[in-house]
Amino acid sequence: MKSELCLRISSLQLADFNLEDETVDIHFQCNAEGEVIVHSVDGVSCVVSEYVANKLKGHKMYVDENLQNATHHVKVRYVVI
């Protein structure tokens with residue numbers, strides 16, 4: 001689940017926005033239909049937080065039944081290369 005989520009949001013290049021390293025906290029749920037429901041994306045930069053939220057909006061990710069409708073937390077760090 002975490003790897004699929006990270007693949008979905010991995011294309012962001014911080015250098016394109018003149019940003020430094022950034023960490024975001026993503027809180028979300030996956031329902032029985034596989035829809036990702038984002039509760040919050042918290043980070044220092046609004047650009048990064050909005051990017052992540054928009055990339056996940058409407059995304060489908062099917063998870064095991066006991067992971068459905070539970071709130072999950074993933075911390076993602078973007079690093080300027």
# chains A, B, ... in the order shown; residues from 1 in each chain; ligands from 1
$ residues_around --residues "A:Val47" --least-positions-apart "6" --cutoff "10 Å" --atoms "only C-alpha atoms" --output "PyMOL selection string"
chain A and resi 14+17+19
$ write_last_selection --atoms "C-alpha atoms" --output "PDB file, in the first residue's frame"
ATOM      1  CA  LEU A  14      11.498  20.140  -5.910  1.00  0.00           C
ATOM      2  CA  PHE A  17       9.901  25.049  -7.744  1.00  0.00           C
ATOM      3  CA  LEU A  19      12.304  24.339  -2.979  1.00  0.00           C
TER       4      LEU A  19
END
$ residues_around --residues "A:Tyr51" --least-positions-apart "2" --cutoff "12 Å" --atoms "only C-alpha atoms" --output "list of chain:residue names"
A:Arg8, A:Ile9, A:Ser10, A:Ser11, A:Leu12, A:Gln13, A:Leu14, A:Phe17, A:Val24, A:Ile26, A:Val41, A:Asp42, A:Gly43, A:Ser45, A:Cys46, A:Val47, A:Val48, A:Ser49, A:Ala53, A:Asn54, A:Lys55, A:Leu56, A:Lys57
$ closest_residue --among "A:Val44, A:Ile81, A:Val76, A:Cys30" --to "A:Gly58" --atoms "only C-alpha atoms"
A:Cys30
$ atom_distance --atom1 "atom CA of A:Asn66" --atom2 "atom CA of A:Ser40"
21.6 Å
$ decode --residues "stretch 13-29 of chain A" --atoms "all heavy atoms" --output "PDB file, in the first residue's frame"
ATOM      1  N   GLN A  13       9.490  17.143  -8.695  1.00  0.00           N
ATOM      2  CA  GLN A  13      10.884  17.585  -8.675  1.00  0.00           C
ATOM      3  C   GLN A  13      10.947  18.921  -7.941  1.00  0.00           C
ATOM      4  O   GLN A  13      10.515  19.941  -8.472  1.00  0.00           O
ATOM      5  CB  GLN A  13      11.420  17.734 -10.098  1.00  0.00           C
ATOM      6  CG  GLN A  13      11.457  16.438 -10.885  1.00  0.00           C
ATOM      7  CD  GLN A  13      12.402  15.428 -10.271  1.00  0.00           C
ATOM      8  OE1 GLN A  13      13.508  15.765  -9.846  1.00  0.00           O
ATOM      9  NE2 GLN A  13      11.961  14.188 -10.201  1.00  0.00           N
ATOM     10  N   LEU A  14      11.453  18.925  -6.721  1.00  0.00           N
ATOM     11  CA  LEU A  14      11.498  20.140  -5.910  1.00  0.00           C
ATOM     12  C   LEU A  14      12.302  21.252  -6.568  1.00  0.00           C
ATOM     13  O   LEU A  14      11.979  22.428  -6.417  1.00  0.00           O
ATOM     14  CB  LEU A  14      12.073  19.831  -4.529  1.00  0.00           C
ATOM     15  CG  LEU A  14      11.232  18.925  -3.635  1.00  0.00           C
ATOM     16  CD1 LEU A  14      11.975  18.675  -2.326  1.00  0.00           C
ATOM     17  CD2 LEU A  14       9.882  19.520  -3.365  1.00  0.00           C
ATOM     18  N   ALA A  15      13.325  20.901  -7.309  1.00  0.00           N
ATOM     19  CA  ALA A  15      14.167  21.914  -7.957  1.00  0.00           C
ATOM     20  C   ALA A  15      13.357  22.747  -8.956  1.00  0.00           C
ATOM     21  O   ALA A  15      13.667  23.919  -9.170  1.00  0.00           O
ATOM     22  CB  ALA A  15      15.344  21.242  -8.654  1.00  0.00           C
ATOM     23  N   ASP A  16      12.318  22.161  -9.543  1.00  0.00           N
ATOM     24  CA  ASP A  16      11.466  22.902 -10.480  1.00  0.00           C
ATOM     25  C   ASP A  16      10.764  24.078  -9.805  1.00  0.00           C
ATOM     26  O   ASP A  16      10.360  25.033 -10.463  1.00  0.00           O
ATOM     27  CB  ASP A  16      10.408  21.980 -11.095  1.00  0.00           C
ATOM     28  CG  ASP A  16      11.015  20.920 -12.009  1.00  0.00           C
ATOM     29  OD1 ASP A  16      12.194  21.065 -12.403  1.00  0.00           O
ATOM     30  OD2 ASP A  16      10.309  19.941 -12.317  1.00  0.00           O
ATOM     31  N   PHE A  17      10.596  24.008  -8.503  1.00  0.00           N
ATOM     32  CA  PHE A  17       9.901  25.049  -7.744  1.00  0.00           C
ATOM     33  C   PHE A  17      10.843  25.831  -6.834  1.00  0.00           C
ATOM     34  O   PHE A  17      10.400  26.577  -5.969  1.00  0.00           O
ATOM     35  CB  PHE A  17       8.779  24.425  -6.908  1.00  0.00           C
ATOM     36  CG  PHE A  17       7.769  23.698  -7.730  1.00  0.00           C
ATOM     37  CD1 PHE A  17       7.799  22.320  -7.849  1.00  0.00           C
ATOM     38  CD2 PHE A  17       6.779  24.394  -8.405  1.00  0.00           C
ATOM     39  CE1 PHE A  17       6.866  21.652  -8.612  1.00  0.00           C
ATOM     40  CE2 PHE A  17       5.838  23.734  -9.173  1.00  0.00           C
ATOM     41  CZ  PHE A  17       5.882  22.358  -9.281  1.00  0.00           C
ATOM     42  N   ASN A  18      12.148  25.630  -7.001  1.00  0.00           N
ATOM     43  CA  ASN A  18      13.153  26.270  -6.150  1.00  0.00           C
ATOM     44  C   ASN A  18      12.914  25.997  -4.675  1.00  0.00           C
ATOM     45  O   ASN A  18      13.037  26.886  -3.828  1.00  0.00           O
ATOM     46  CB  ASN A  18      13.209  27.781  -6.405  1.00  0.00           C
ATOM     47  CG  ASN A  18      13.701  28.091  -7.794  1.00  0.00           C
ATOM     48  OD1 ASN A  18      14.613  27.440  -8.285  1.00  0.00           O
ATOM     49  ND2 ASN A  18      13.082  29.064  -8.427  1.00  0.00           N
ATOM     50  N   LEU A  19      12.564  24.743  -4.360  1.00  0.00           N
ATOM     51  CA  LEU A  19      12.304  24.339  -2.979  1.00  0.00           C
ATOM     52  C   LEU A  19      13.448  23.492  -2.453  1.00  0.00           C
ATOM     53  O   LEU A  19      14.178  22.866  -3.214  1.00  0.00           O
ATOM     54  CB  LEU A  19      11.005  23.535  -2.898  1.00  0.00           C
ATOM     55  CG  LEU A  19       9.727  24.277  -3.262  1.00  0.00           C
ATOM     56  CD1 LEU A  19       8.555  23.305  -3.323  1.00  0.00           C
ATOM     57  CD2 LEU A  19       9.444  25.382  -2.261  1.00  0.00           C
ATOM     58  N   GLU A  20      13.591  23.475  -1.149  1.00  0.00           N
ATOM     59  CA  GLU A  20      14.561  22.623  -0.478  1.00  0.00           C
ATOM     60  C   GLU A  20      13.894  21.301  -0.127  1.00  0.00           C
ATOM     61  O   GLU A  20      12.732  21.084  -0.443  1.00  0.00           O
ATOM     62  CB  GLU A  20      15.068  23.327   0.792  1.00  0.00           C
ATOM     63  CG  GLU A  20      15.786  24.634   0.537  1.00  0.00           C
ATOM     64  CD  GLU A  20      17.065  24.453  -0.271  1.00  0.00           C
ATOM     65  OE1 GLU A  20      17.780  23.446  -0.047  1.00  0.00           O
ATOM     66  OE2 GLU A  20      17.340  25.292  -1.141  1.00  0.00           O
ATOM     67  N   ASP A  21      14.607  20.423   0.565  1.00  0.00           N
ATOM     68  CA  ASP A  21      14.042  19.144   0.991  1.00  0.00           C
ATOM     69  C   ASP A  21      12.735  19.372   1.743  1.00  0.00           C
ATOM     70  O   ASP A  21      12.594  20.366   2.466  1.00  0.00           O
ATOM     71  CB  ASP A  21      15.019  18.396   1.889  1.00  0.00           C
ATOM     72  CG  ASP A  21      16.304  18.007   1.159  1.00  0.00           C
ATOM     73  OD1 ASP A  21      16.382  18.233  -0.060  1.00  0.00           O
ATOM     74  OD2 ASP A  21      17.210  17.487   1.817  1.00  0.00           O
ATOM     75  N   GLU A  22      11.815  18.455   1.584  1.00  0.00           N
ATOM     76  CA  GLU A  22      10.479  18.622   2.161  1.00  0.00           C
ATOM     77  C   GLU A  22       9.964  17.281   2.663  1.00  0.00           C
ATOM     78  O   GLU A  22      10.152  16.249   2.015  1.00  0.00           O
ATOM     79  CB  GLU A  22       9.537  19.168   1.083  1.00  0.00           C
ATOM     80  CG  GLU A  22       8.101  19.297   1.475  1.00  0.00           C
ATOM     81  CD  GLU A  22       7.818  20.522   2.321  1.00  0.00           C
ATOM     82  OE1 GLU A  22       8.598  21.478   2.275  1.00  0.00           O
ATOM     83  OE2 GLU A  22       6.802  20.519   3.019  1.00  0.00           O
ATOM     84  N   THR A  23       9.316  17.295   3.807  1.00  0.00           N
ATOM     85  CA  THR A  23       8.657  16.111   4.348  1.00  0.00           C
ATOM     86  C   THR A  23       7.177  16.409   4.482  1.00  0.00           C
ATOM     87  O   THR A  23       6.798  17.487   4.937  1.00  0.00           O
ATOM     88  CB  THR A  23       9.238  15.744   5.735  1.00  0.00           C
ATOM     89  OG1 THR A  23      10.639  15.501   5.594  1.00  0.00           O
ATOM     90  CG2 THR A  23       8.558  14.513   6.306  1.00  0.00           C
ATOM     91  N   VAL A  24       6.340  15.452   4.054  1.00  0.00           N
ATOM     92  CA  VAL A  24       4.891  15.608   4.194  1.00  0.00           C
ATOM     93  C   VAL A  24       4.333  14.412   4.951  1.00  0.00           C
ATOM     94  O   VAL A  24       4.819  13.299   4.823  1.00  0.00           O
ATOM     95  CB  VAL A  24       4.172  15.748   2.828  1.00  0.00           C
ATOM     96  CG1 VAL A  24       4.496  17.059   2.170  1.00  0.00           C
ATOM     97  CG2 VAL A  24       4.467  14.599   1.900  1.00  0.00           C
ATOM     98  N   ASP A  25       3.338  14.689   5.764  1.00  0.00           N
ATOM     99  CA  ASP A  25       2.588  13.651   6.467  1.00  0.00           C
ATOM    100  C   ASP A  25       1.244  13.510   5.773  1.00  0.00           C
ATOM    101  O   ASP A  25       0.496  14.483   5.663  1.00  0.00           O
ATOM    102  CB  ASP A  25       2.371  14.039   7.936  1.00  0.00           C
ATOM    103  CG  ASP A  25       3.653  13.950   8.733  1.00  0.00           C
ATOM    104  OD1 ASP A  25       4.149  12.824   8.889  1.00  0.00           O
ATOM    105  OD2 ASP A  25       4.150  14.994   9.185  1.00  0.00           O
ATOM    106  N   ILE A  26       0.951  12.298   5.316  1.00  0.00           N
ATOM    107  CA  ILE A  26      -0.289  12.032   4.593  1.00  0.00           C
ATOM    108  C   ILE A  26      -1.170  11.148   5.465  1.00  0.00           C
ATOM    109  O   ILE A  26      -0.738  10.082   5.907  1.00  0.00           O
ATOM    110  CB  ILE A  26       0.002  11.318   3.258  1.00  0.00           C
ATOM    111  CG1 ILE A  26       1.042  12.087   2.448  1.00  0.00           C
ATOM    112  CG2 ILE A  26      -1.286  11.118   2.466  1.00  0.00           C
ATOM    113  CD1 ILE A  26       1.644  11.283   1.318  1.00  0.00           C
ATOM    114  N   HIS A  27      -2.398  11.599   5.716  1.00  0.00           N
ATOM    115  CA  HIS A  27      -3.382  10.816   6.449  1.00  0.00           C
ATOM    116  C   HIS A  27      -4.523  10.518   5.489  1.00  0.00           C
ATOM    117  O   HIS A  27      -5.091  11.450   4.898  1.00  0.00           O
ATOM    118  CB  HIS A  27      -3.902  11.585   7.666  1.00  0.00           C
ATOM    119  CG  HIS A  27      -2.850  11.810   8.700  1.00  0.00           C
ATOM    120  ND1 HIS A  27      -2.005  12.902   8.676  1.00  0.00           N
ATOM    121  CD2 HIS A  27      -2.485  11.078   9.764  1.00  0.00           C
ATOM    122  CE1 HIS A  27      -1.173  12.836   9.690  1.00  0.00           C
ATOM    123  NE2 HIS A  27      -1.434  11.732  10.377  1.00  0.00           N
ATOM    124  N   PHE A  28      -4.846   9.238   5.319  1.00  0.00           N
ATOM    125  CA  PHE A  28      -5.840   8.849   4.322  1.00  0.00           C
ATOM    126  C   PHE A  28      -6.528   7.549   4.699  1.00  0.00           C
ATOM    127  O   PHE A  28      -6.094   6.852   5.613  1.00  0.00           O
ATOM    128  CB  PHE A  28      -5.183   8.695   2.949  1.00  0.00           C
ATOM    129  CG  PHE A  28      -4.212   7.545   2.874  1.00  0.00           C
ATOM    130  CD1 PHE A  28      -4.602   6.332   2.338  1.00  0.00           C
ATOM    131  CD2 PHE A  28      -2.915   7.672   3.345  1.00  0.00           C
ATOM    132  CE1 PHE A  28      -3.717   5.261   2.280  1.00  0.00           C
ATOM    133  CE2 PHE A  28      -2.028   6.614   3.296  1.00  0.00           C
ATOM    134  CZ  PHE A  28      -2.427   5.407   2.759  1.00  0.00           C
ATOM    135  N   GLN A  29      -7.592   7.247   3.968  1.00  0.00           N
ATOM    136  CA  GLN A  29      -8.305   5.982   4.079  1.00  0.00           C
ATOM    137  C   GLN A  29      -8.504   5.416   2.684  1.00  0.00           C
ATOM    138  O   GLN A  29      -8.493   6.167   1.701  1.00  0.00           O
ATOM    139  CB  GLN A  29      -9.687   6.157   4.702  1.00  0.00           C
ATOM    140  CG  GLN A  29      -9.691   6.495   6.159  1.00  0.00           C
ATOM    141  CD  GLN A  29     -11.106   6.613   6.701  1.00  0.00           C
ATOM    142  OE1 GLN A  29     -12.011   7.073   6.017  1.00  0.00           O
ATOM    143  NE2 GLN A  29     -11.293   6.194   7.933  1.00  0.00           N
TER     144      GLN A  29
END
